[in-house]
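File shown here: work36.txt, holding compact mmCIF, C-alpha atoms.
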# COMPACT_ATOMS: atom_id res chain seq x y z
CA MET G 1 46.20 19.58 -135.82
CA GLY G 2 47.13 20.06 -139.48
CA ASN G 3 48.51 23.54 -138.84
CA LYS G 4 50.48 22.22 -135.87
CA LEU G 5 51.98 19.44 -138.00
CA ILE G 6 52.91 21.91 -140.76
CA SER G 7 54.49 24.18 -138.14
CA MET G 8 56.50 21.26 -136.75
CA MET G 9 57.62 20.26 -140.24
CA LYS G 10 58.80 23.81 -140.95
CA LYS G 11 60.72 23.88 -137.68
CA ASP G 12 62.26 20.51 -138.45
CA GLY G 13 63.21 21.76 -141.90
CA LYS G 14 64.96 24.79 -140.42
CA ASP G 15 66.84 22.64 -137.92
CA GLY G 16 67.82 20.27 -140.70
CA SER G 17 69.12 23.16 -142.79
CA LYS G 18 71.07 24.49 -139.83
CA SER G 19 72.45 21.01 -139.19
CA LYS G 20 73.57 20.73 -142.82
CA ARG G 21 75.30 24.09 -142.60
CA MET G 22 77.08 23.01 -139.41
CA ASN G 23 78.04 19.72 -140.99
CA ARG G 24 79.47 21.51 -144.03
CA SER G 25 81.44 23.81 -141.74
CA GLN G 26 82.75 20.92 -139.71
CA ARG G 27 83.66 18.99 -142.85
CA LYS G 28 85.62 21.99 -144.16
CA LEU G 29 87.50 22.27 -140.86
CA LEU G 30 88.33 18.58 -140.93
CA ALA G 31 89.40 18.76 -144.58
CA ASP G 32 91.66 21.75 -143.87
CA GLU G 33 93.19 19.99 -140.91
CA GLU G 34 93.71 16.82 -142.92
CA MET G 35 95.49 18.78 -145.67
CA LEU G 36 97.79 20.42 -143.10
CA HIS G 37 98.48 17.09 -141.48
CA ARG G 38 99.38 15.46 -144.80
CA ARG G 39 101.78 18.30 -145.52
CA ALA G 40 103.40 17.97 -142.08
CA LEU G 41 103.58 14.20 -142.44
CA SER G 42 105.26 14.48 -145.84
CA MET G 43 107.85 16.86 -144.39
CA ALA G 44 108.38 14.57 -141.40
CA ILE G 45 108.96 11.51 -143.60
CA HIS G 46 111.51 13.49 -145.60
CA GLN G 47 113.15 14.54 -142.33
CA ALA G 48 113.24 10.97 -141.06
CA GLN G 49 114.94 9.83 -144.26
CA LEU G 50 117.52 12.60 -143.97
CA SER G 51 118.09 11.77 -140.31
CA GLN G 52 118.63 8.09 -141.02
CA ARG G 53 121.24 8.90 -143.63
CA PHE G 54 122.89 11.46 -141.38
CA ASP G 55 122.94 9.77 -137.99
CA GLY G 56 124.51 6.36 -138.01
CA SER G 57 125.04 6.43 -134.24
CA MET G 58 122.68 5.89 -132.34
CA SER G 59 91.81 28.88 -117.49
CA ARG G 60 93.36 31.92 -117.11
CA ARG G 61 94.53 33.55 -113.91
CA VAL G 62 95.79 37.09 -114.14
CA GLY G 63 97.46 39.34 -111.59
CA SER G 64 99.38 38.56 -108.43
CA THR G 65 99.27 35.13 -106.82
CA SER G 66 96.67 36.27 -104.30
CA THR G 67 94.31 37.98 -106.77
CA ARG G 68 94.35 35.79 -109.87
CA LYS G 69 91.10 34.72 -111.44
CA GLN G 70 90.96 31.15 -112.67
CA ARG G 71 89.63 30.12 -116.06
CA THR G 72 89.68 26.63 -117.45
CA LEU G 73 89.21 25.98 -121.17
CA SER G 74 88.22 22.86 -123.03
CA ASP G 75 88.81 22.58 -126.75
CA PRO G 76 85.90 23.85 -128.90
CA PHE G 77 86.90 22.04 -132.08
CA SER G 78 85.05 18.84 -131.24
CA ASN G 79 81.63 20.49 -131.11
CA GLY G 80 82.06 22.78 -134.10
CA LYS G 81 82.44 26.05 -132.18
CA GLN G 82 84.85 28.58 -133.58
CA VAL G 83 87.26 30.99 -131.95
CA PRO G 84 85.49 34.37 -131.56
CA ASP G 85 86.13 37.08 -134.13
CA PHE G 86 89.53 38.59 -133.57
CA SER G 87 90.97 41.84 -134.87
CA THR G 88 94.71 42.41 -135.10
CA GLU G 89 94.37 46.14 -135.76
CA SER G 90 94.89 47.13 -132.13
CA LEU G 91 97.90 44.86 -131.59
CA THR G 92 101.35 46.42 -131.55
CA VAL G 93 103.06 43.01 -131.62
CA LYS G 94 101.75 40.49 -134.14
CA LYS G 95 104.73 38.19 -134.56
CA PHE G 96 104.84 34.91 -132.63
CA VAL G 97 107.98 32.77 -132.41
CA LEU G 98 107.11 29.16 -131.55
CA VAL G 99 109.82 27.12 -129.82
CA HIS G 100 109.46 23.34 -129.53
CA GLY G 101 110.38 21.12 -126.59
CA GLU G 102 112.64 18.11 -126.17
CA GLY G 103 112.73 15.72 -129.12
CA PHE G 104 110.23 17.77 -131.12
CA GLY G 105 110.83 20.22 -133.96
CA ALA G 106 109.12 23.11 -135.71
CA TRP G 107 106.82 20.53 -137.34
CA CYS G 108 104.84 20.03 -134.10
CA TRP G 109 103.29 23.52 -134.37
CA TYR G 110 101.60 22.97 -137.74
CA LYS G 111 98.03 23.40 -136.44
CA ILE G 112 98.92 26.49 -134.40
CA VAL G 113 100.80 28.10 -137.30
CA ALA G 114 97.74 27.69 -139.54
CA ALA G 115 95.37 29.02 -136.88
CA LEU G 116 97.52 32.08 -136.10
CA GLU G 117 97.90 32.89 -139.79
CA GLU G 118 94.13 32.69 -140.26
CA SER G 119 93.80 35.19 -137.38
CA GLY G 120 96.00 37.67 -139.23
CA LEU G 121 99.09 37.11 -137.10
CA SER G 122 102.62 36.26 -138.17
CA PRO G 123 103.92 33.00 -136.64
CA THR G 124 107.51 31.82 -137.06
CA THR G 125 108.91 28.47 -135.95
CA VAL G 126 112.50 27.50 -135.24
CA ASP G 127 114.30 24.17 -135.13
CA LEU G 128 116.67 24.26 -132.17
CA THR G 129 120.13 22.78 -132.72
CA GLY G 130 119.94 19.06 -133.44
CA SER G 131 116.14 19.14 -133.72
CA GLY G 132 113.66 18.90 -136.58
CA PHE G 133 115.38 19.78 -139.86
CA ASN G 134 118.51 21.07 -138.11
CA MET G 135 120.82 18.18 -138.94
CA THR G 136 123.44 18.90 -136.27
CA ASP G 137 124.36 15.68 -134.47
CA THR G 138 122.56 15.85 -131.11
CA ASN G 139 125.56 14.15 -129.48
CA SER G 140 127.61 17.28 -130.17
CA VAL G 141 125.21 19.70 -128.45
CA SER G 142 126.40 20.17 -124.88
CA THR G 143 125.15 23.57 -123.68
CA LEU G 144 121.90 25.53 -123.59
CA GLU G 145 123.64 28.28 -125.56
CA GLU G 146 124.45 25.87 -128.41
CA TYR G 147 121.00 24.31 -128.31
CA SER G 148 119.24 27.70 -128.41
CA LYS G 149 121.50 29.20 -131.10
CA PRO G 150 118.86 29.24 -133.92
CA LEU G 151 116.46 31.17 -131.65
CA ILE G 152 119.18 33.58 -130.51
CA GLU G 153 120.30 34.23 -134.09
CA TYR G 154 116.71 34.94 -135.10
CA LEU G 155 116.33 37.50 -132.30
CA GLU G 156 119.72 39.07 -133.07
CA ASN G 157 118.60 39.70 -136.64
CA LEU G 158 115.31 41.36 -135.72
CA PRO G 159 115.03 45.04 -136.67
CA GLU G 160 115.97 47.24 -133.73
CA GLU G 161 112.45 48.43 -132.89
CA GLU G 162 110.66 45.11 -133.55
CA LYS G 163 109.35 42.90 -130.75
CA VAL G 164 107.99 39.36 -130.72
CA ILE G 165 105.92 37.09 -128.51
CA LEU G 166 107.87 33.95 -127.62
CA VAL G 167 106.04 30.66 -127.03
CA GLY G 168 107.99 27.76 -125.55
CA HIS G 169 106.77 24.17 -125.07
CA SER G 170 108.16 21.81 -122.43
CA THR G 171 111.97 22.15 -122.21
CA GLY G 172 111.68 24.88 -124.84
CA GLY G 173 110.81 26.97 -121.80
CA ALA G 174 114.51 26.98 -120.87
CA SER G 175 115.39 28.32 -124.31
CA ILE G 176 112.89 31.18 -124.14
CA SER G 177 114.06 31.93 -120.57
CA TYR G 178 117.61 32.12 -121.90
CA ALA G 179 116.40 34.37 -124.72
CA LEU G 180 114.53 36.59 -122.28
CA GLU G 181 117.75 37.02 -120.31
CA ARG G 182 119.68 37.89 -123.49
CA PHE G 183 117.12 40.10 -125.27
CA PRO G 184 114.46 41.42 -122.85
CA GLU G 185 114.04 44.51 -125.04
CA LYS G 186 113.02 42.38 -128.05
CA ILE G 187 110.48 40.17 -126.31
CA SER G 188 107.02 41.59 -125.68
CA LYS G 189 105.74 38.53 -123.83
CA ALA G 190 107.00 35.02 -123.09
CA ILE G 191 104.43 32.22 -122.98
CA PHE G 192 105.38 28.93 -121.32
CA VAL G 193 103.21 26.03 -122.51
CA CYS G 194 103.44 23.23 -119.89
CA ALA G 195 107.07 24.28 -119.92
CA THR G 196 110.21 24.42 -117.83
CA MET G 197 109.85 27.95 -116.48
CA VAL G 198 113.00 27.65 -114.39
CA SER G 199 114.29 29.89 -111.64
CA ASP G 200 117.85 31.19 -111.45
CA GLY G 201 120.28 28.31 -110.85
CA GLN G 202 117.74 25.60 -111.70
CA ARG G 203 118.21 22.88 -114.33
CA PRO G 204 115.40 22.26 -116.86
CA PHE G 205 115.56 18.56 -115.98
CA ASP G 206 114.76 19.34 -112.32
CA VAL G 207 111.22 20.23 -113.33
CA PHE G 208 110.68 16.64 -114.51
CA SER G 209 112.24 14.98 -111.47
CA GLU G 210 108.88 13.84 -110.09
CA GLU G 211 108.28 11.73 -113.21
CA LEU G 212 111.87 10.76 -114.11
CA GLY G 213 113.68 10.85 -110.75
CA SER G 214 116.58 13.08 -109.78
CA ALA G 215 119.11 14.16 -112.40
CA GLU G 216 121.84 12.21 -110.65
CA ARG G 217 119.79 9.02 -110.60
CA PHE G 218 118.69 9.47 -114.22
CA MET G 219 122.32 9.85 -115.33
CA LYS G 220 123.29 6.63 -113.56
CA GLU G 221 120.33 4.35 -114.10
CA SER G 222 118.16 5.43 -117.02
CA GLN G 223 117.72 2.92 -119.83
CA PHE G 224 117.00 5.77 -122.25
CA LEU G 225 120.49 7.29 -122.26
CA ILE G 226 122.56 7.61 -125.43
CA TYR G 227 126.36 7.33 -125.30
CA GLY G 228 127.35 9.12 -128.49
CA ASN G 229 131.03 9.26 -127.56
CA GLY G 230 131.28 5.67 -126.38
CA GLN G 231 130.07 3.65 -123.40
CA ASP G 232 133.14 4.64 -121.36
CA LYS G 233 132.28 8.36 -121.71
CA PRO G 234 129.45 10.39 -120.14
CA PRO G 235 126.04 10.11 -121.88
CA THR G 236 125.32 12.70 -124.54
CA GLY G 237 121.55 12.40 -124.97
CA PHE G 238 118.42 10.41 -124.32
CA MET G 239 115.34 9.22 -126.15
CA PHE G 240 112.30 7.43 -124.77
CA GLU G 241 110.97 4.29 -126.39
CA LYS G 242 107.91 4.78 -128.56
CA GLN G 243 105.45 3.17 -126.17
CA HIS G 244 106.83 5.22 -123.30
CA MET G 245 106.48 8.42 -125.35
CA LYS G 246 102.89 7.61 -126.25
CA GLY G 247 101.90 7.24 -122.60
CA LEU G 248 103.96 10.18 -121.40
CA TYR G 249 103.26 12.81 -124.05
CA PHE G 250 100.26 11.81 -126.16
CA ASN G 251 97.57 10.30 -123.91
CA GLN G 252 94.92 12.64 -125.40
CA SER G 253 96.36 13.33 -128.87
CA PRO G 254 94.83 12.10 -132.15
CA ASN G 255 96.36 8.92 -133.57
CA LYS G 256 97.50 10.64 -136.75
CA ASP G 257 99.48 13.21 -134.75
CA ILE G 258 101.02 10.45 -132.65
CA ALA G 259 102.07 8.74 -135.91
CA LEU G 260 103.58 12.03 -137.09
CA ALA G 261 105.54 12.36 -133.85
CA MET G 262 106.76 8.77 -133.91
CA ILE G 263 108.58 9.29 -137.22
CA SER G 264 109.69 12.86 -136.48
CA MET G 265 111.03 12.96 -132.93
CA ARG G 266 114.78 12.92 -132.47
CA PRO G 267 117.12 12.23 -129.54
CA VAL G 268 117.37 14.96 -126.91
CA PRO G 269 120.82 16.45 -126.19
CA LEU G 270 121.48 15.89 -122.51
CA GLY G 271 123.78 18.83 -121.74
CA PRO G 272 121.22 21.64 -122.22
CA VAL G 273 118.59 20.05 -119.93
CA MET G 274 121.20 19.34 -117.23
CA GLU G 275 122.66 22.84 -117.26
CA LYS G 276 121.89 25.26 -114.45
CA VAL G 277 120.37 28.35 -116.02
CA SER G 278 121.60 31.79 -114.95
CA LEU G 279 118.84 34.38 -114.82
CA THR G 280 118.89 37.90 -113.39
CA ALA G 281 116.17 40.07 -111.92
CA GLU G 282 117.44 43.00 -113.99
CA ARG G 283 116.83 41.27 -117.33
CA TYR G 284 114.81 38.04 -117.14
CA GLY G 285 112.95 39.36 -114.09
CA LYS G 286 111.54 42.32 -116.01
CA GLY G 287 110.02 40.17 -118.75
CA ARG G 288 106.26 39.59 -119.03
CA ARG G 289 105.73 35.88 -118.50
CA PHE G 290 102.54 33.82 -118.91
CA TYR G 291 102.00 30.13 -118.22
CA VAL G 292 99.64 27.61 -119.86
CA GLN G 293 98.82 24.58 -117.71
CA THR G 294 97.67 21.28 -119.23
CA LEU G 295 95.36 19.37 -116.92
CA ASP G 296 95.69 15.81 -118.25
CA ASP G 297 99.45 15.91 -118.56
CA ARG G 298 101.45 12.81 -117.62
CA ALA G 299 104.89 14.20 -118.46
CA LEU G 300 104.53 17.31 -116.29
CA SER G 301 101.67 16.73 -113.88
CA PRO G 302 99.20 19.50 -113.01
CA ASP G 303 100.57 19.48 -109.45
CA VAL G 304 104.10 20.09 -110.72
CA GLN G 305 102.89 22.83 -113.05
CA GLU G 306 101.08 24.44 -110.12
CA LYS G 307 104.31 24.32 -108.14
CA ILE G 308 106.17 25.98 -111.03
CA VAL G 309 103.84 28.98 -111.16
CA ARG G 310 103.75 29.21 -107.37
CA GLU G 311 107.53 29.32 -107.02
CA ASN G 312 108.23 31.52 -110.06
CA SER G 313 105.04 33.49 -110.38
CA PRO G 314 104.17 34.74 -113.91
CA GLU G 315 101.88 37.62 -114.78
CA GLY G 316 99.08 35.31 -115.83
CA VAL G 317 98.18 31.61 -115.87
CA PHE G 318 95.79 29.78 -118.19
CA LYS G 319 94.54 26.20 -117.95
CA ILE G 320 93.44 23.79 -120.68
CA LYS G 321 91.11 21.02 -119.56
CA GLY G 322 91.62 17.60 -121.16
CA SER G 323 95.01 18.40 -122.67
CA ASP G 324 98.01 16.08 -122.54
CA HIS G 325 101.58 17.36 -122.70
CA CYS G 326 101.07 18.38 -126.33
CA PRO G 327 98.13 20.82 -126.52
CA PHE G 328 99.14 21.76 -130.07
CA PHE G 329 97.91 18.25 -130.96
CA SER G 330 95.26 17.44 -128.35
CA LYS G 331 93.66 20.88 -127.85
CA PRO G 332 94.88 23.16 -130.64
CA GLN G 333 91.85 25.47 -130.69
CA SER G 334 92.06 26.08 -126.96
CA LEU G 335 95.76 26.84 -127.18
CA HIS G 336 95.15 29.12 -130.16
CA LYS G 337 92.46 31.01 -128.24
CA ILE G 338 94.77 31.47 -125.26
CA LEU G 339 97.57 32.83 -127.45
CA LEU G 340 95.14 35.36 -128.91
CA GLU G 341 93.96 36.40 -125.45
CA ILE G 342 97.51 36.89 -124.21
CA ALA G 343 98.40 38.90 -127.31
CA GLN G 344 95.57 41.30 -126.49
CA ILE G 345 96.58 41.90 -122.86
CA PRO G 346 97.85 45.52 -122.69
Could you write out this file's structure as structure tokens?
Amino acid sequence: MGNKLISMMKKDGKDGSKSKRMNRSQRKLLADEEMLHRRALSMAIHQAQLSQRFDGSMSRRVGSTSTRKQRTLSDPFSNGKQVPDFSTESLTVKKFVLVHGEGFGAWCWYKIVAALEESGLSPTTVDLTGSGFNMTDTNSVSTLEEYSKPLIEYLENLPEEEKVILVGHSTGGASISYALERFPEKISKAIFVCATMVSDGQRPFDVFSEELGSAERFMKESQFLIYGNGQDKPPTGFMFEKQHMKGLYFNQSPNKDIALAMISMRPVPLGPVMEKVSLTAERYGKGRRFYVQTLDDRALSPDVQEKIVRENSPEGVFKIKGSDHCPFFSKPQSLHKILLEIAQIP
């Protein structure tokens, strides 16, 4: 009995030691994340102050559709699991360019940037025109070409032999589609994260029609429209109310990231999302496209995302369980893991 008790105490001691080690590891992760968040929040507050002074106006499935294998991921951060060891030595393309969606800015990728850097990769973020720290008046941005200009200029200035992996969130999918049409030779892979992976002749807004109604109806009836050139002129942008944004975009995101978004998001220029995108089989069609579905998404429902990949089939599809429309907030480790997996696909 005594020996048995001693044995149990030793086992308990080992478990306790293991628990302490796990707790220390988890505390370090949380501390690192908190530091990153404080830095992003500080930048966002500065951005909001600048904006106020400036603007007085207003799972994985790979292969063909018939042979894909499905894989659904949940985020490992909550239970202390880490992304498996990853080596960049075999990768020919290590540079990621992260492109935000409507109303967001480069700031939204702060967790993903840190995770990619820790994996030995080279992430770059861009603020599209009128977004984030790009202080162009959103009311003046009327075309997808204008909106995507910072991304296009970045790709134009890449060394001739260098390639990148593009990652586009939400309507940022239209910008990376446009980039893929312009520079297919410079883009190794294009990853659409719950994004508008449009077909030729389709408007980015059309993808959201199930949630927001048709483009024509939205233009006539929406209470979120902005008339930057006067009420007697066509609308120039839109921006959802805060409570609407919380329910639409952030139903699974941490409160501190929602707070960050609430002071950082800017109006969305209307012209780029209402423009029909011209894509060709000779250029866009030859690009390697991957899609990341978010399964608790209220802005772009899983059914709509399934329709997107069915009608414009990519090379591979991944799914994130329990993610809202912003997996970089709600499931960052799962998104990070997927980006690493796609980078390794030959």
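By only C-alpha atoms, and with residues fewer than 6 positions from Pro204 of chain G along its chain excluded, the set lying at most 9 Å from it is G:Thr171, G:Gly173, G:Ala174, G:Thr196, G:Met197, G:Val198, G:Pro272, G:Val273, G:Met274, G:Glu275, G:Lys276, G:Val277.
Shown here are all protein and nucleic acid residues lying within 10 Å of (114.2, 37.0, -112.6), with all atoms listed in the file considered: Ser177, Leu180, Glu181, Val198, Ser199, Asp200, Ser278, Leu279, Thr280, Ala281, Glu282, Arg283, Tyr284, Gly285, Lys286, Gly287 and Asn312 of chain G.
The shortest atom-to-atom distance to Glu156 of chain G, with all atoms listed in the file taken into account, belongs to G:Pro184 out of G:Gly172, G:Pro184, G:Pro254, G:Gly132.
Across the structure, atom CA of Ile112 of chain G and atom CA of Gly237 of chain G are spaced 28.3 Å apart.
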List every protein, DNA or RNA residue that has an atom no more than 8 Å from (107.4, 31.5, -127.1) in the file's coordinate frame, counting all atoms listed in the file, and report them as number ranges by chain.
G: 96-99, 165-169, 173, 176, 189-192
At what distance in Å, to one decimal, does atom CA of Gly130 of chain G lie from atom CA of Ser148 of chain G?
10.0 Å
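Of the residues listed (G:Thr143, G:Gln231, G:Gln252, G:Ser175), G:Ser175 shows the shortest atom-to-atom separation from Leu128 of chain G; distances use all atoms listed in the file.
What separates atom CA of Leu295 of chain G from atom CA of Val317 of chain G is a distance of 12.6 Å.
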Write out as a PyMOL selection string each polymer residue whose atoms come within 8 Å of Met265 of chain G, counting all atoms listed in the file; drop sequence neighbours fewer than 3 positions from it.
chain G and resi 103-105+132+261-262
With distances taken over only C-alpha atoms, which residue among G:Ile320, G:Val193, G:Lys246, G:Gly213 lies nearest Arg289 of chain G?
G:Val193
Please identify all polymer residues within 12 Å of Tyr227 of chain G, counting only C-alpha atoms, omitting same-chain residues fewer than 6 positions from it, and present them as a list in words.
Ser57, Met58, Thr138, Asn139, Ser140, Met219, Lys233, Pro234, Pro235, Thr236, Gly237, Phe238, Met239, Pro267, Val268, Pro269 and Leu270 of chain G
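Counting only C-alpha atoms and comparing G:Ser188, G:Ser209, G:Pro302, G:Leu339, the residue that lies closest to Lys321 of chain G is G:Pro302.
Look at Asp297 of chain G: the protein and nucleic acid residues within 10 Å of it, using all atoms listed in the file and passing over chain neighbours fewer than 6 places away, are Cys194, Gly247, Leu248, Tyr249, Phe250, Asn251, Gln252, Asp303, Gln305, Lys321, Gly322, Ser323, Asp324, His325, Cys326 and Pro327 of chain G.
Each of G:Asn157, G:Ser122, G:Asn229, G:Ser330 was checked against Val93 of chain G using all atoms listed in the file; the smallest atom-to-atom distance is that of G:Ser122.
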